[in-house]
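start.csv (CSV, C-alpha atoms and all ligand atoms) appears below.
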chain,number,residue,atom,x,y,z
A,890,MET,CA,41.7,22.4,38.8
A,891,LEU,CA,40.7,18.8,37.8
A,892,LYS,CA,43.0,15.9,38.7
A,893,LEU,CA,44.1,13.6,35.9
A,894,SER,CA,41.9,10.8,37.1
A,895,GLU,CA,38.8,13.1,37.1
A,896,VAL,CA,39.7,14.2,33.6
A,897,THR,CA,39.9,10.6,32.5
A,898,LYS,CA,36.6,9.8,34.2
A,899,PHE,CA,34.9,12.8,32.5
A,900,PHE,CA,36.3,11.7,29.2
A,901,VAL,CA,35.1,8.1,29.6
A,902,VAL,CA,31.5,9.3,30.5
A,903,PHE,CA,31.6,11.7,27.5
A,904,LEU,CA,32.6,8.8,25.2
A,905,PHE,CA,29.9,6.6,26.6
A,906,ILE,CA,27.2,9.2,26.0
A,907,ILE,CA,28.4,9.6,22.4
A,908,PHE,CA,28.4,5.8,21.9
A,909,LEU,CA,24.9,5.5,23.4
A,910,ALA,CA,23.5,8.3,21.3
A,911,SER,CA,24.9,6.8,18.1
A,912,PHE,CA,23.7,3.3,19.1
A,913,LEU,CA,20.1,4.6,19.7
A,914,HIS,CA,20.2,6.5,16.5
A,915,ALA,CA,21.4,3.3,14.6
A,916,GLN,CA,18.6,1.4,16.3
A,917,GLU,CA,16.0,3.7,14.6
A,918,LYS,CA,17.4,3.0,11.1
A,919,THR,CA,16.2,0.1,9.0
A,920,ALA,CA,18.1,-3.1,9.0
A,921,TYR,CA,17.4,-3.3,5.2
A,922,PRO,CA,18.7,-0.2,3.6
A,923,ASP,CA,19.3,-2.0,0.3
A,924,ILE,CA,15.8,-3.2,-0.3
A,925,PRO,CA,14.0,-0.8,-2.6
A,926,ARG,CA,10.4,-0.2,-1.6
A,927,ILE,CA,7.5,0.5,-3.9
A,928,ASP,CA,4.3,2.0,-2.5
A,929,VAL,CA,1.7,0.7,-5.0
A,930,HIS,CA,-1.3,2.5,-3.4
A,931,THR,CA,-0.9,6.3,-3.4
A,932,HIS,CA,-3.1,9.2,-4.3
A,933,ILE,CA,-0.5,11.6,-5.4
A,934,GLY,CA,-3.0,13.1,-7.8
A,935,SER,CA,-2.0,15.5,-10.5
A,936,ASP,CA,-0.4,18.5,-8.7
A,937,LEU,CA,3.3,19.0,-9.5
A,938,GLN,CA,4.0,20.6,-6.1
A,939,THR,CA,2.9,17.3,-4.5
A,940,VAL,CA,5.2,15.4,-6.8
A,941,SER,CA,8.1,17.5,-5.7
A,942,ASN,CA,7.1,17.0,-2.0
A,943,PHE,CA,7.2,13.2,-2.5
A,944,LEU,CA,10.7,13.4,-3.9
A,945,ASP,CA,11.7,15.5,-0.8
A,946,LEU,CA,10.1,12.9,1.4
A,947,ARG,CA,12.1,10.2,-0.2
A,948,GLU,CA,15.4,12.1,0.5
A,949,GLN,CA,14.4,12.7,4.1
A,950,LEU,CA,13.5,9.1,4.7
A,951,LYS,CA,16.8,8.0,3.4
A,952,GLU,CA,18.6,10.6,5.5
A,953,LYS,CA,16.8,9.9,8.8
A,954,TYR,CA,16.0,6.1,8.6
A,955,ASN,CA,18.2,4.9,5.7
A,956,ILE,CA,14.9,3.7,4.1
A,957,ASP,CA,14.7,3.7,0.3
A,958,VAL,CA,11.3,4.3,-1.1
A,959,ALA,CA,12.2,3.8,-4.7
A,960,MET,CA,8.9,4.3,-6.5
A,961,TRP,CA,5.2,5.1,-6.1
A,962,ILE,CA,2.2,4.0,-8.1
A,963,ASN,CA,-0.1,7.0,-8.4
A,964,LEU,CA,-3.8,5.9,-8.4
A,965,GLY,CA,-4.9,9.5,-9.0
A,966,SER,CA,-7.5,11.2,-6.8
A,967,SER,CA,-11.1,11.8,-7.3
A,968,GLY,CA,-11.9,14.7,-9.7
A,969,SER,CA,-8.3,15.6,-10.7
A,970,PRO,CA,-7.2,13.9,-13.9
A,971,ILE,CA,-3.6,14.3,-15.1
A,972,ILE,CA,-3.6,16.7,-18.0
A,973,ASP,CA,-0.2,15.9,-19.5
A,974,LEU,CA,1.2,12.5,-18.5
A,975,ASP,CA,4.6,13.1,-20.0
A,976,SER,CA,5.3,16.3,-18.0
A,977,PHE,CA,4.0,14.6,-14.9
A,978,MET,CA,6.3,11.6,-15.3
A,979,LYS,CA,9.2,13.9,-16.0
A,980,ALA,CA,8.5,15.8,-12.8
A,981,GLY,CA,8.4,12.5,-10.9
A,982,GLN,CA,12.0,11.7,-12.1
A,983,ASP,CA,11.0,8.1,-13.2
A,984,ARG,CA,9.8,7.3,-9.7
A,985,ILE,CA,6.1,7.7,-10.2
A,986,LEU,CA,3.9,5.6,-12.5
A,987,CYS,CA,0.3,6.4,-13.0
A,988,SER,CA,-3.0,4.5,-13.2
A,989,ILE,CA,-6.2,5.7,-14.7
A,990,SER,CA,-9.0,5.7,-12.2
A,991,ASP,CA,-12.8,5.8,-11.6
A,992,TYR,CA,-13.9,6.8,-8.1
A,993,SER,CA,-17.6,7.0,-8.7
A,994,PRO,CA,-18.9,4.0,-10.6
A,995,HIS,CA,-22.6,3.8,-10.2
A,996,ASP,CA,-23.9,2.3,-13.5
A,997,GLY,CA,-20.8,1.3,-15.3
A,998,PHE,CA,-17.5,3.3,-15.7
A,999,ASP,CA,-17.0,6.7,-17.3
A,1000,LEU,CA,-14.4,5.4,-19.7
A,1001,PRO,CA,-15.8,3.2,-22.5
A,1002,PRO,CA,-14.0,-0.2,-22.6
A,1003,LEU,CA,-12.8,0.4,-26.1
A,1004,GLU,CA,-10.7,3.3,-24.8
A,1005,LEU,CA,-8.7,1.2,-22.4
A,1006,PRO,CA,-6.0,-0.1,-24.8
A,1007,LYS,CA,-5.3,3.5,-25.8
A,1008,LYS,CA,-4.6,4.4,-22.1
A,1009,LEU,CA,-2.0,1.6,-21.9
A,1010,GLU,CA,-0.4,3.0,-25.1
A,1011,GLU,CA,-0.3,6.5,-23.5
A,1012,GLY,CA,1.7,5.1,-20.6
A,1013,TYR,CA,-0.8,4.4,-17.9
A,1014,ILE,CA,-0.1,1.1,-16.1
A,1015,GLY,CA,-3.6,0.0,-15.0
A,1016,PHE,CA,-7.1,0.9,-13.9
A,1017,LYS,CA,-7.9,1.9,-10.3
A,1018,ILE,CA,-11.6,1.3,-9.5
A,1019,TRP,CA,-13.0,2.6,-6.2
A,1020,ALA,CA,-16.3,0.8,-5.6
A,1021,GLY,CA,-16.7,1.0,-1.9
A,1022,PRO,CA,-20.0,0.4,0.0
A,1023,PRO,CA,-23.0,1.8,-1.9
A,1024,ALA,CA,-23.7,4.1,1.1
A,1025,ARG,CA,-20.4,5.8,0.6
A,1026,ARG,CA,-20.5,5.7,-3.2
A,1027,LEU,CA,-24.0,6.5,-4.3
A,1028,LYS,CA,-25.5,10.0,-3.6
A,1029,PRO,CA,-28.9,9.9,-2.0
A,1030,GLY,CA,-31.5,9.0,-4.6
A,1031,GLN,CA,-28.9,8.0,-7.1
A,1032,ILE,CA,-29.8,4.8,-8.9
A,1033,GLY,CA,-27.2,2.1,-9.2
A,1034,PHE,CA,-26.6,-1.6,-8.8
A,1035,PRO,CA,-25.1,-1.8,-5.3
A,1036,TYR,CA,-22.0,-4.0,-5.8
A,1037,ILE,CA,-18.9,-4.6,-7.9
A,1038,ASP,CA,-20.6,-7.4,-9.8
A,1039,ASN,CA,-22.9,-4.9,-11.5
A,1040,PRO,CA,-23.6,-6.3,-15.0
A,1041,ALA,CA,-22.8,-2.8,-16.3
A,1042,HIS,CA,-19.1,-3.4,-15.3
A,1043,GLU,CA,-18.9,-6.6,-17.3
A,1044,PRO,CA,-17.6,-5.2,-20.6
A,1045,THR,CA,-14.9,-3.3,-18.8
A,1046,PHE,CA,-13.6,-6.3,-16.9
A,1047,ALA,CA,-13.8,-8.4,-20.1
A,1048,LYS,CA,-11.7,-5.8,-22.0
A,1049,MET,CA,-9.2,-5.6,-19.2
A,1050,GLU,CA,-8.9,-9.4,-19.1
A,1051,GLU,CA,-8.5,-9.5,-22.9
A,1052,ILE,CA,-5.7,-6.8,-23.0
A,1053,GLY,CA,-4.0,-7.8,-19.8
A,1054,MET,CA,-4.7,-4.5,-18.1
A,1055,LEU,CA,-4.1,-4.7,-14.3
A,1056,ALA,CA,-6.8,-3.7,-11.9
A,1057,THR,CA,-4.7,-1.5,-9.6
A,1058,SER,CA,-5.9,-1.6,-6.0
A,1059,ILE,CA,-9.5,-2.2,-6.8
A,1060,HIS,CA,-11.6,-1.2,-3.7
A,1061,ILE,CA,-14.6,-3.5,-3.2
A,1062,ALA,CA,-15.6,-3.3,0.5
A,1063,ASP,CA,-14.8,-1.6,3.7
A,1064,PRO,CA,-13.3,-3.0,6.9
A,1065,ASN,CA,-15.5,-5.1,9.2
A,1066,GLY,CA,-14.0,-5.8,12.6
A,1067,PRO,CA,-14.7,-8.6,15.2
A,1068,PHE,CA,-18.0,-8.7,17.1
A,1069,ASP,CA,-17.1,-6.2,19.9
A,1070,ARG,CA,-14.8,-4.1,17.7
A,1071,ARG,CA,-16.6,-3.4,14.5
A,1072,THR,CA,-15.1,-0.5,12.5
A,1073,ARG,CA,-17.1,2.6,11.8
A,1074,TRP,CA,-16.6,2.0,8.1
A,1075,LEU,CA,-18.7,-1.0,7.7
A,1076,PRO,CA,-20.1,-2.3,11.0
A,1077,ASP,CA,-22.7,-4.6,9.5
A,1078,PRO,CA,-21.3,-8.1,8.7
A,1079,VAL,CA,-24.2,-9.1,6.5
A,1080,GLU,CA,-23.6,-6.2,4.2
A,1081,TYR,CA,-19.9,-6.7,4.4
A,1082,TRP,CA,-20.1,-10.3,3.2
A,1083,ARG,CA,-22.5,-9.3,0.3
A,1084,GLN,CA,-19.7,-7.0,-0.9
A,1085,ILE,CA,-17.0,-9.6,-0.6
A,1086,MET,CA,-19.2,-12.2,-2.3
A,1087,ALA,CA,-20.0,-9.8,-5.2
A,1088,PHE,CA,-16.2,-9.5,-5.8
A,1089,ARG,CA,-15.9,-13.3,-5.8
A,1090,HIS,CA,-18.5,-13.4,-8.6
A,1091,VAL,CA,-16.3,-11.0,-10.7
A,1092,LEU,CA,-13.2,-13.2,-10.1
A,1093,GLU,CA,-15.2,-16.3,-11.1
A,1094,SER,CA,-16.4,-14.6,-14.3
A,1095,HIS,CA,-12.9,-13.3,-15.2
A,1096,PRO,CA,-10.3,-15.9,-14.2
A,1097,ASN,CA,-7.6,-14.2,-16.3
A,1098,LEU,CA,-8.2,-10.7,-14.9
A,1099,LYS,CA,-5.0,-9.5,-13.2
A,1100,VAL,CA,-6.0,-8.0,-10.0
A,1101,VAL,CA,-4.4,-6.2,-7.0
A,1102,THR,CA,-7.2,-5.7,-4.5
A,1103,ALA,CA,-6.9,-2.7,-2.2
A,1104,HIS,CA,-6.4,-3.1,1.6
A,1105,ALA,CA,-6.0,-6.9,1.6
A,1106,MET,CA,-9.5,-7.1,0.1
A,1107,TRP,CA,-10.6,-5.7,3.5
A,1108,ALA,CA,-10.5,-9.3,4.7
A,1109,ILE,CA,-7.8,-8.8,7.3
A,1110,CYS,CA,-9.7,-7.5,10.4
A,1111,GLN,CA,-10.8,-10.9,11.8
A,1112,ASP,CA,-9.0,-14.2,12.0
A,1113,ALA,CA,-11.7,-16.0,9.9
A,1114,GLN,CA,-11.4,-13.2,7.3
A,1115,ILE,CA,-7.7,-14.1,6.9
A,1116,ASP,CA,-8.8,-17.7,6.3
A,1117,TYR,CA,-11.2,-16.4,3.6
A,1118,LEU,CA,-8.2,-14.5,2.1
A,1119,ARG,CA,-6.2,-17.8,2.0
A,1120,ASN,CA,-9.1,-19.4,0.3
A,1121,ALA,CA,-9.5,-16.6,-2.3
A,1122,LEU,CA,-5.8,-16.5,-3.1
A,1123,ALA,CA,-5.6,-20.3,-3.4
A,1124,THR,CA,-8.6,-20.3,-5.7
A,1125,PHE,CA,-7.8,-17.4,-8.0
A,1126,PRO,CA,-4.2,-17.4,-9.2
A,1127,ASN,CA,-4.4,-13.9,-10.7
A,1128,LEU,CA,-5.6,-12.3,-7.4
A,1129,ASN,CA,-3.2,-10.3,-5.3
A,1130,VAL,CA,-3.6,-7.9,-2.5
A,1131,ASP,CA,-2.0,-4.7,-1.3
A,1132,LEU,CA,-1.5,-3.8,2.4
A,1133,ALA,CA,-2.6,-0.1,2.2
A,1134,ALA,CA,-4.2,1.3,5.3
A,1135,THR,CA,-4.4,-2.1,7.0
A,1136,PHE,CA,-1.6,-1.7,9.5
A,1137,GLN,CA,-3.8,0.0,12.1
A,1138,TYR,CA,-6.0,-3.0,12.2
A,1139,PHE,CA,-3.3,-5.7,12.7
A,1140,ASN,CA,-4.1,-5.7,16.5
A,1141,LEU,CA,-7.6,-7.0,15.8
A,1142,VAL,CA,-6.3,-10.4,14.7
A,1143,THR,CA,-4.1,-13.1,16.2
A,1144,TYR,CA,-0.5,-12.1,15.8
A,1145,ASP,CA,0.8,-15.6,14.7
A,1146,ASN,CA,-2.1,-16.1,12.2
A,1147,LEU,CA,-1.4,-12.8,10.5
A,1148,ARG,CA,2.4,-13.4,10.4
A,1149,SER,CA,1.9,-16.9,9.1
A,1150,PHE,CA,-0.4,-15.6,6.4
A,1151,LEU,CA,2.0,-12.9,5.3
A,1152,ILE,CA,4.8,-15.5,5.0
A,1153,ASP,CA,2.8,-18.2,3.3
A,1154,TYR,CA,1.3,-15.8,0.7
A,1155,ALA,CA,4.3,-13.5,0.3
A,1156,ASP,CA,4.2,-14.0,-3.4
A,1157,ARG,CA,0.8,-12.4,-3.7
A,1158,ILE,CA,1.1,-9.4,-1.4
A,1159,VAL,CA,2.4,-5.9,-2.2
A,1160,TYR,CA,3.3,-2.9,0.0
A,1161,GLY,CA,1.0,0.1,-0.1
A,1162,THR,CA,-0.1,2.9,2.2
A,1163,ASP,CA,-3.1,4.9,0.8
A,1164,ILE,CA,-1.0,8.1,1.3
A,1165,GLY,CA,-2.7,11.3,-0.1
A,1166,GLN,CA,-1.3,14.6,-1.4
A,1167,ILE,CA,1.5,16.3,0.5
A,1168,ARG,CA,1.1,20.0,0.7
A,1169,ASP,CA,3.9,21.3,2.9
A,1170,ALA,CA,6.9,20.6,5.1
A,1171,ASP,CA,4.7,19.4,8.0
A,1172,GLY,CA,3.0,17.0,5.6
A,1173,ILE,CA,6.4,15.6,4.5
A,1174,SER,CA,7.6,15.1,8.1
A,1175,SER,CA,4.4,13.4,9.3
A,1176,ARG,CA,4.3,11.1,6.3
A,1177,MET,CA,7.9,10.3,6.9
A,1178,GLU,CA,7.1,9.0,10.4
A,1179,ALA,CA,4.1,7.2,9.1
A,1180,TYR,CA,6.2,5.3,6.5
A,1181,ASN,CA,8.8,4.5,9.1
A,1182,ARG,CA,6.1,3.1,11.5
A,1183,SER,CA,4.7,0.8,8.7
A,1184,PHE,CA,8.1,-0.5,7.9
A,1185,GLN,CA,8.9,-1.1,11.6
A,1186,ILE,CA,5.8,-3.2,11.9
A,1187,LEU,CA,6.8,-5.4,9.0
A,1188,GLU,CA,10.5,-5.6,9.8
A,1189,THR,CA,11.1,-5.5,13.6
A,1190,ASP,CA,9.6,-7.1,16.7
A,1191,LYS,CA,9.2,-3.8,18.5
A,1192,MET,CA,6.0,-2.3,19.8
A,1193,VAL,CA,5.2,0.5,17.3
A,1194,ASP,CA,3.1,3.5,18.1
A,1195,GLY,CA,0.6,3.2,15.2
A,1196,GLY,CA,0.4,2.0,11.7
A,1197,PHE,CA,0.7,4.2,8.6
A,1198,PHE,CA,-2.5,5.8,10.0
A,1199,GLY,CA,-3.7,5.9,13.6
A,1200,SER,CA,-1.8,5.5,16.9
A,1201,THR,CA,-2.8,1.9,17.9
A,1202,LYS,CA,0.2,0.2,19.5
A,1203,THR,CA,1.1,-2.7,17.3
A,1204,LYS,CA,3.7,-5.4,17.8
A,1205,GLY,CA,6.1,-5.7,14.9
A,1206,LEU,CA,6.0,-8.9,12.8
A,1207,ALA,CA,9.7,-9.3,12.1
A,1208,LEU,CA,9.1,-10.8,8.7
A,1209,PRO,CA,12.0,-12.7,7.1
A,1210,LYS,CA,14.1,-10.7,4.5
A,1211,GLU,CA,13.0,-12.8,1.5
A,1212,VAL,CA,9.3,-12.1,2.4
A,1213,LEU,CA,10.1,-8.3,2.8
A,1214,GLU,CA,11.8,-8.3,-0.6
A,1215,LYS,CA,8.7,-9.8,-2.3
A,1216,ILE,CA,6.3,-7.5,-0.6
A,1217,TYR,CA,8.4,-4.4,-1.1
A,1218,TYR,CA,9.3,-4.7,-4.7
A,1219,LYS,CA,9.6,-8.2,-6.3
A,1220,ASN,CA,5.9,-8.8,-6.7
A,1221,ALA,CA,5.3,-5.2,-7.9
A,1222,MET,CA,8.0,-5.8,-10.5
A,1223,ARG,CA,6.1,-8.9,-11.7
A,1224,LEU,CA,2.6,-7.4,-11.6
A,1225,TYR,CA,2.9,-3.8,-12.8
A,1226,PRO,CA,4.1,-2.8,-16.2
A,1227,LYS,CA,7.2,-0.7,-16.4
A,1228,VAL,CA,8.3,-1.1,-12.8
A,1229,ARG,CA,11.3,-3.3,-13.6
A,1230,GLU,CA,12.3,-1.1,-16.4
A,1231,HIS,CA,12.2,2.0,-14.2
A,1232,LEU,CA,14.0,0.4,-11.3
A,1233,GLU,CA,16.8,-0.6,-13.7
A,1234,LYS,CA,16.9,2.9,-15.2
A,1235,LEU,CA,17.2,4.3,-11.7
A,1236,GLY,CA,20.3,2.1,-11.1
A,1237,TYR,CA,18.9,-0.7,-9.0
A,1238,THR,CA,20.2,-4.2,-9.6
A,1239,VAL,CA,17.1,-6.3,-9.6
A,1240,ASP,CA,16.9,-10.1,-10.2
B,1301,ZN,ZN,-6.8,4.5,-1.7
Take the structure in the file and write it out as structure tokens.
Amino acid sequence: MLKLSEVTKFFVVFLFIIFLASFLHAQEKTAYPDIPRIDVHTHIGSDLQTVSNFLDLREQLKEKYNIDVAMWINLGSSGSPIIDLDSFMKAGQDRILCSISDYSPHDGFDLPPLELPKKLEEGYIGFKIWAGPPARRLKPGQIGFPYIDNPAHEPTFAKMEEIGMLATSIHIADPNGPFDRRTRWLPDPVEYWRQIMAFRHVLESHPNLKVVTAHAMWAICQDAQIDYLRNALATFPNLNVDLAATFQYFNLVTYDNLRSFLIDYADRIVYGTDIGQIRDADGISSRMEAYNRSFQILETDKMVDGGFFGSTKTKGLALPKEVLEKIYYKNAMRLYPKVREHLEKLGYTVD
């Protein structure tokens, strides 16, 4: 039989274990449960099962990490247009807004520029253009002007500029890393800068075009690229960038440079992931961890095991709360039609 002192000792140890477990669990949760987060770069596509899986993912993120992903911008996916936007929006319970898209421009876009105003009237919030490197975009033997400043794109950009249609996460280049760590996507810096300069021509020709450029314009994999990004954002007031798929490259640049850039240009940066369709419970749980990693990188100073993609260890940037609020939802509210209205309808108090 235990003596009283042994019982007390046992009880104290038991309480300590309970305390430690709840402390560690609390450590995993976000310090900012009240900031709504909007993922502006998703490829949810048109499948209603995926929509339901995203809503489940949202619930699970809240439950496990106290993270509130309030809304998603659906940029579509190649070859699967939404047939009935109203039913799709209903299925998304006001949390998913949709952009029209073109994933294979080679000599102009499929949709004639005159059709664009109708798309805004139908409820789409912008136009996603994927114009990656010609080698990834054009089929062998296909004729096409290689870059985004293709003259055939001009009437579309002019129309978008005229009607104020947002270029949602326009993709104009692929990542090019430092000398000894080029990425497999675009290892040639000469070709890389041709693509970047071609986009600059578009910005120069269309100063009023409202743009969110995908993946921080892919100018975030070298320190000097971040300086170029500073230059571009300072030069073109309607240019903005999303952070989709960039987190796994944060270790390629100087920590303080990246952190300083994100703080200085916080008004022009939006959160995004490049998440694709979610088909099952395993998909929900792996994407939940991916979301949590990307938020930890932005919010904490911990070493995080990977970005949204990949497993590169990355030190968290511990960004200030006001910066996080801008990147997570305030800028999206300013840039994307209907976002504010939907957040308010969903019960968020937004200023
Ligand atoms: Zn994407």
Using all atoms listed in the file, which protein or nucleic acid residues come within 9 Å of Thr919 in chain A? Drop anything in the same chain fewer than 3 positions from it, and give the result as a compact mmCIF listing (two decimals) with C-alpha atoms, keeping the file's coordinate frame.
# COMPACT_ATOMS: atom_id res chain seq x y z
CA ALA A 915 21.40 3.30 14.60
CA GLN A 916 18.60 1.40 16.30
CA PRO A 922 18.70 -0.20 3.60
CA TYR A 954 16.00 6.10 8.60
CA ASN A 955 18.20 4.90 5.70
CA ILE A 956 14.90 3.70 4.10
CA ASN A 1181 8.80 4.50 9.10
CA PHE A 1184 8.10 -0.50 7.90
CA GLN A 1185 8.90 -1.10 11.60
CA GLU A 1188 10.50 -5.60 9.80
CA THR A 1189 11.10 -5.50 13.60
Return as a PyMOL selection string every polymer residue, whether protein, DNA or RNA, with at least one atom no more than 10 Å from an atom of ligand ZN 1301 (chain B); count all atoms listed in the file. chain A and resi 929-932+963-966+992+1017-1019+1058-1060+1103-1104+1133-1134+1161-1165
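Minimum atom-to-atom distances from A:Glu917, A:Glu1004, A:Asp928, A:Asp923 to Arg1182 in chain A were compared using all atoms listed in the file, and the lowest value belongs to A:Glu917.
CA of Tyr921 in chain A to CA of Ile1167 in chain A spans 25.7 Å [interatomic distance, one decimal].
Distances to Ser1094 in chain A were evaluated for A:Ala1020, A:Val901, A:Ala1047, A:Leu1009 using all atoms listed in the file, and the minimum falls at A:Ala1047.
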With a distance cut-off of 9 Å and only C-alpha atoms, select the neighbouring residues of Tyr1138 in chain A, excluding the residue or stretch itself and same-chain residues fewer than 6 positions from it, and output the selection as a ChimeraX atom specification. /A:1066,1109-1110,1196,1201,1203
Give me the residues near Ser993 in chain A as a VMD selection string, where near means some atom within 10 Å (using all atoms listed in the file) and where sequence neighbours in that chain fewer than 5 positions away do not count. chain A and resid 967 to 968 998 to 999 1018 to 1021 1025 to 1028
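Closest approach to Trp1074 in chain A among A:Glu1050, A:Pro1023, A:Asp1131, A:Pro1044: A:Pro1023, based on all atoms listed in the file.
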Could you jot down the CA of Val1193 in chain A to CA of Lys1215 in chain A separation for me, Å, one decimal place? 22.4 Å
Write out as a PyMOL selection string each polymer residue whose atoms come within 7 Å of Val1142 in chain A, counting only C-alpha atoms; drop sequence neighbours fewer than 4 positions from it. chain A and resi 1110-1112+1147
Repaired coordinates for range 1197-1204 of chain A (all heavy atoms) as a PDB file, in the frame of the given file:
ATOM      1  N   PHE A1197       0.509   3.063   9.487  1.00  0.00           N
ATOM      2  CA  PHE A1197       0.700   4.200   8.600  1.00  0.00           C
ATOM      3  C   PHE A1197      -0.269   5.314   9.095  1.00  0.00           C
ATOM      4  O   PHE A1197       0.049   6.492   9.164  1.00  0.00           O
ATOM      5  CB  PHE A1197       0.505   3.890   7.160  1.00  0.00           C
ATOM      6  CG  PHE A1197       0.923   5.011   6.252  1.00  0.00           C
ATOM      7  CD1 PHE A1197       2.240   5.130   5.845  1.00  0.00           C
ATOM      8  CD2 PHE A1197       0.008   5.967   5.832  1.00  0.00           C
ATOM      9  CE1 PHE A1197       2.642   6.189   5.033  1.00  0.00           C
ATOM     10  CE2 PHE A1197       0.401   7.021   5.023  1.00  0.00           C
ATOM     11  CZ  PHE A1197       1.717   7.135   4.629  1.00  0.00           C
ATOM     12  N   PHE A1198      -1.487   4.871   9.428  1.00  0.00           N
ATOM     13  CA  PHE A1198      -2.500   5.800  10.000  1.00  0.00           C
ATOM     14  C   PHE A1198      -2.701   5.365  11.474  1.00  0.00           C
ATOM     15  O   PHE A1198      -2.405   4.245  11.866  1.00  0.00           O
ATOM     16  CB  PHE A1198      -3.816   5.665   9.268  1.00  0.00           C
ATOM     17  CG  PHE A1198      -3.711   6.044   7.815  1.00  0.00           C
ATOM     18  CD1 PHE A1198      -3.810   5.082   6.816  1.00  0.00           C
ATOM     19  CD2 PHE A1198      -3.512   7.358   7.436  1.00  0.00           C
ATOM     20  CE1 PHE A1198      -3.707   5.424   5.472  1.00  0.00           C
ATOM     21  CE2 PHE A1198      -3.409   7.723   6.092  1.00  0.00           C
ATOM     22  CZ  PHE A1198      -3.511   6.745   5.108  1.00  0.00           C
ATOM     23  N   GLY A1199      -3.279   6.263  12.251  1.00  0.00           N
ATOM     24  CA  GLY A1199      -3.700   5.900  13.600  1.00  0.00           C
ATOM     25  C   GLY A1199      -2.533   5.821  14.578  1.00  0.00           C
ATOM     26  O   GLY A1199      -1.368   6.020  14.219  1.00  0.00           O
ATOM     27  N   SER A1200      -2.871   5.529  15.849  1.00  0.00           N
ATOM     28  CA  SER A1200      -1.800   5.500  16.900  1.00  0.00           C
ATOM     29  C   SER A1200      -1.948   4.188  17.718  1.00  0.00           C
ATOM     30  O   SER A1200      -1.457   4.129  18.829  1.00  0.00           O
ATOM     31  CB  SER A1200      -1.895   6.705  17.757  1.00  0.00           C
ATOM     32  OG  SER A1200      -3.205   6.829  18.263  1.00  0.00           O
ATOM     33  N   THR A1201      -2.640   3.184  17.186  1.00  0.00           N
ATOM     34  CA  THR A1201      -2.800   1.900  17.900  1.00  0.00           C
ATOM     35  C   THR A1201      -1.418   1.262  18.049  1.00  0.00           C
ATOM     36  O   THR A1201      -0.705   1.074  17.059  1.00  0.00           O
ATOM     37  CB  THR A1201      -3.690   0.953  17.112  1.00  0.00           C
ATOM     38  OG1 THR A1201      -4.844   1.675  16.707  1.00  0.00           O
ATOM     39  CG2 THR A1201      -4.067  -0.250  17.931  1.00  0.00           C
ATOM     40  N   LYS A1202      -1.067   0.905  19.296  1.00  0.00           N
ATOM     41  CA  LYS A1202       0.200   0.200  19.500  1.00  0.00           C
ATOM     42  C   LYS A1202       0.157  -1.163  18.852  1.00  0.00           C
ATOM     43  O   LYS A1202      -0.784  -1.928  19.088  1.00  0.00           O
ATOM     44  CB  LYS A1202       0.472   0.068  21.007  1.00  0.00           C
ATOM     45  CG  LYS A1202       1.045   1.313  21.639  1.00  0.00           C
ATOM     46  CD  LYS A1202       1.727   0.967  22.952  1.00  0.00           C
ATOM     47  CE  LYS A1202       2.191   2.187  23.720  1.00  0.00           C
ATOM     48  NZ  LYS A1202       2.984   3.150  22.956  1.00  0.00           N
ATOM     49  N   THR A1203       1.155  -1.459  18.044  1.00  0.00           N
ATOM     50  CA  THR A1203       1.100  -2.700  17.300  1.00  0.00           C
ATOM     51  C   THR A1203       2.483  -3.385  17.356  1.00  0.00           C
ATOM     52  O   THR A1203       3.516  -2.747  17.139  1.00  0.00           O
ATOM     53  CB  THR A1203       0.798  -2.384  15.792  1.00  0.00           C
ATOM     54  OG1 THR A1203      -0.422  -1.630  15.760  1.00  0.00           O
ATOM     55  CG2 THR A1203       0.640  -3.639  14.968  1.00  0.00           C
ATOM     56  N   LYS A1204       2.458  -4.683  17.662  1.00  0.00           N
ATOM     57  CA  LYS A1204       3.700  -5.400  17.800  1.00  0.00           C
ATOM     58  C   LYS A1204       4.248  -5.761  16.364  1.00  0.00           C
ATOM     59  O   LYS A1204       3.508  -6.286  15.522  1.00  0.00           O
ATOM     60  CB  LYS A1204       3.553  -6.677  18.588  1.00  0.00           C
ATOM     61  CG  LYS A1204       4.873  -7.425  18.819  1.00  0.00           C
ATOM     62  CD  LYS A1204       4.697  -8.551  19.829  1.00  0.00           C
ATOM     63  CE  LYS A1204       5.817  -9.588  19.743  1.00  0.00           C
ATOM     64  NZ  LYS A1204       7.173  -9.061  19.892  1.00  0.00           N
TER      65      LYS A1204
END
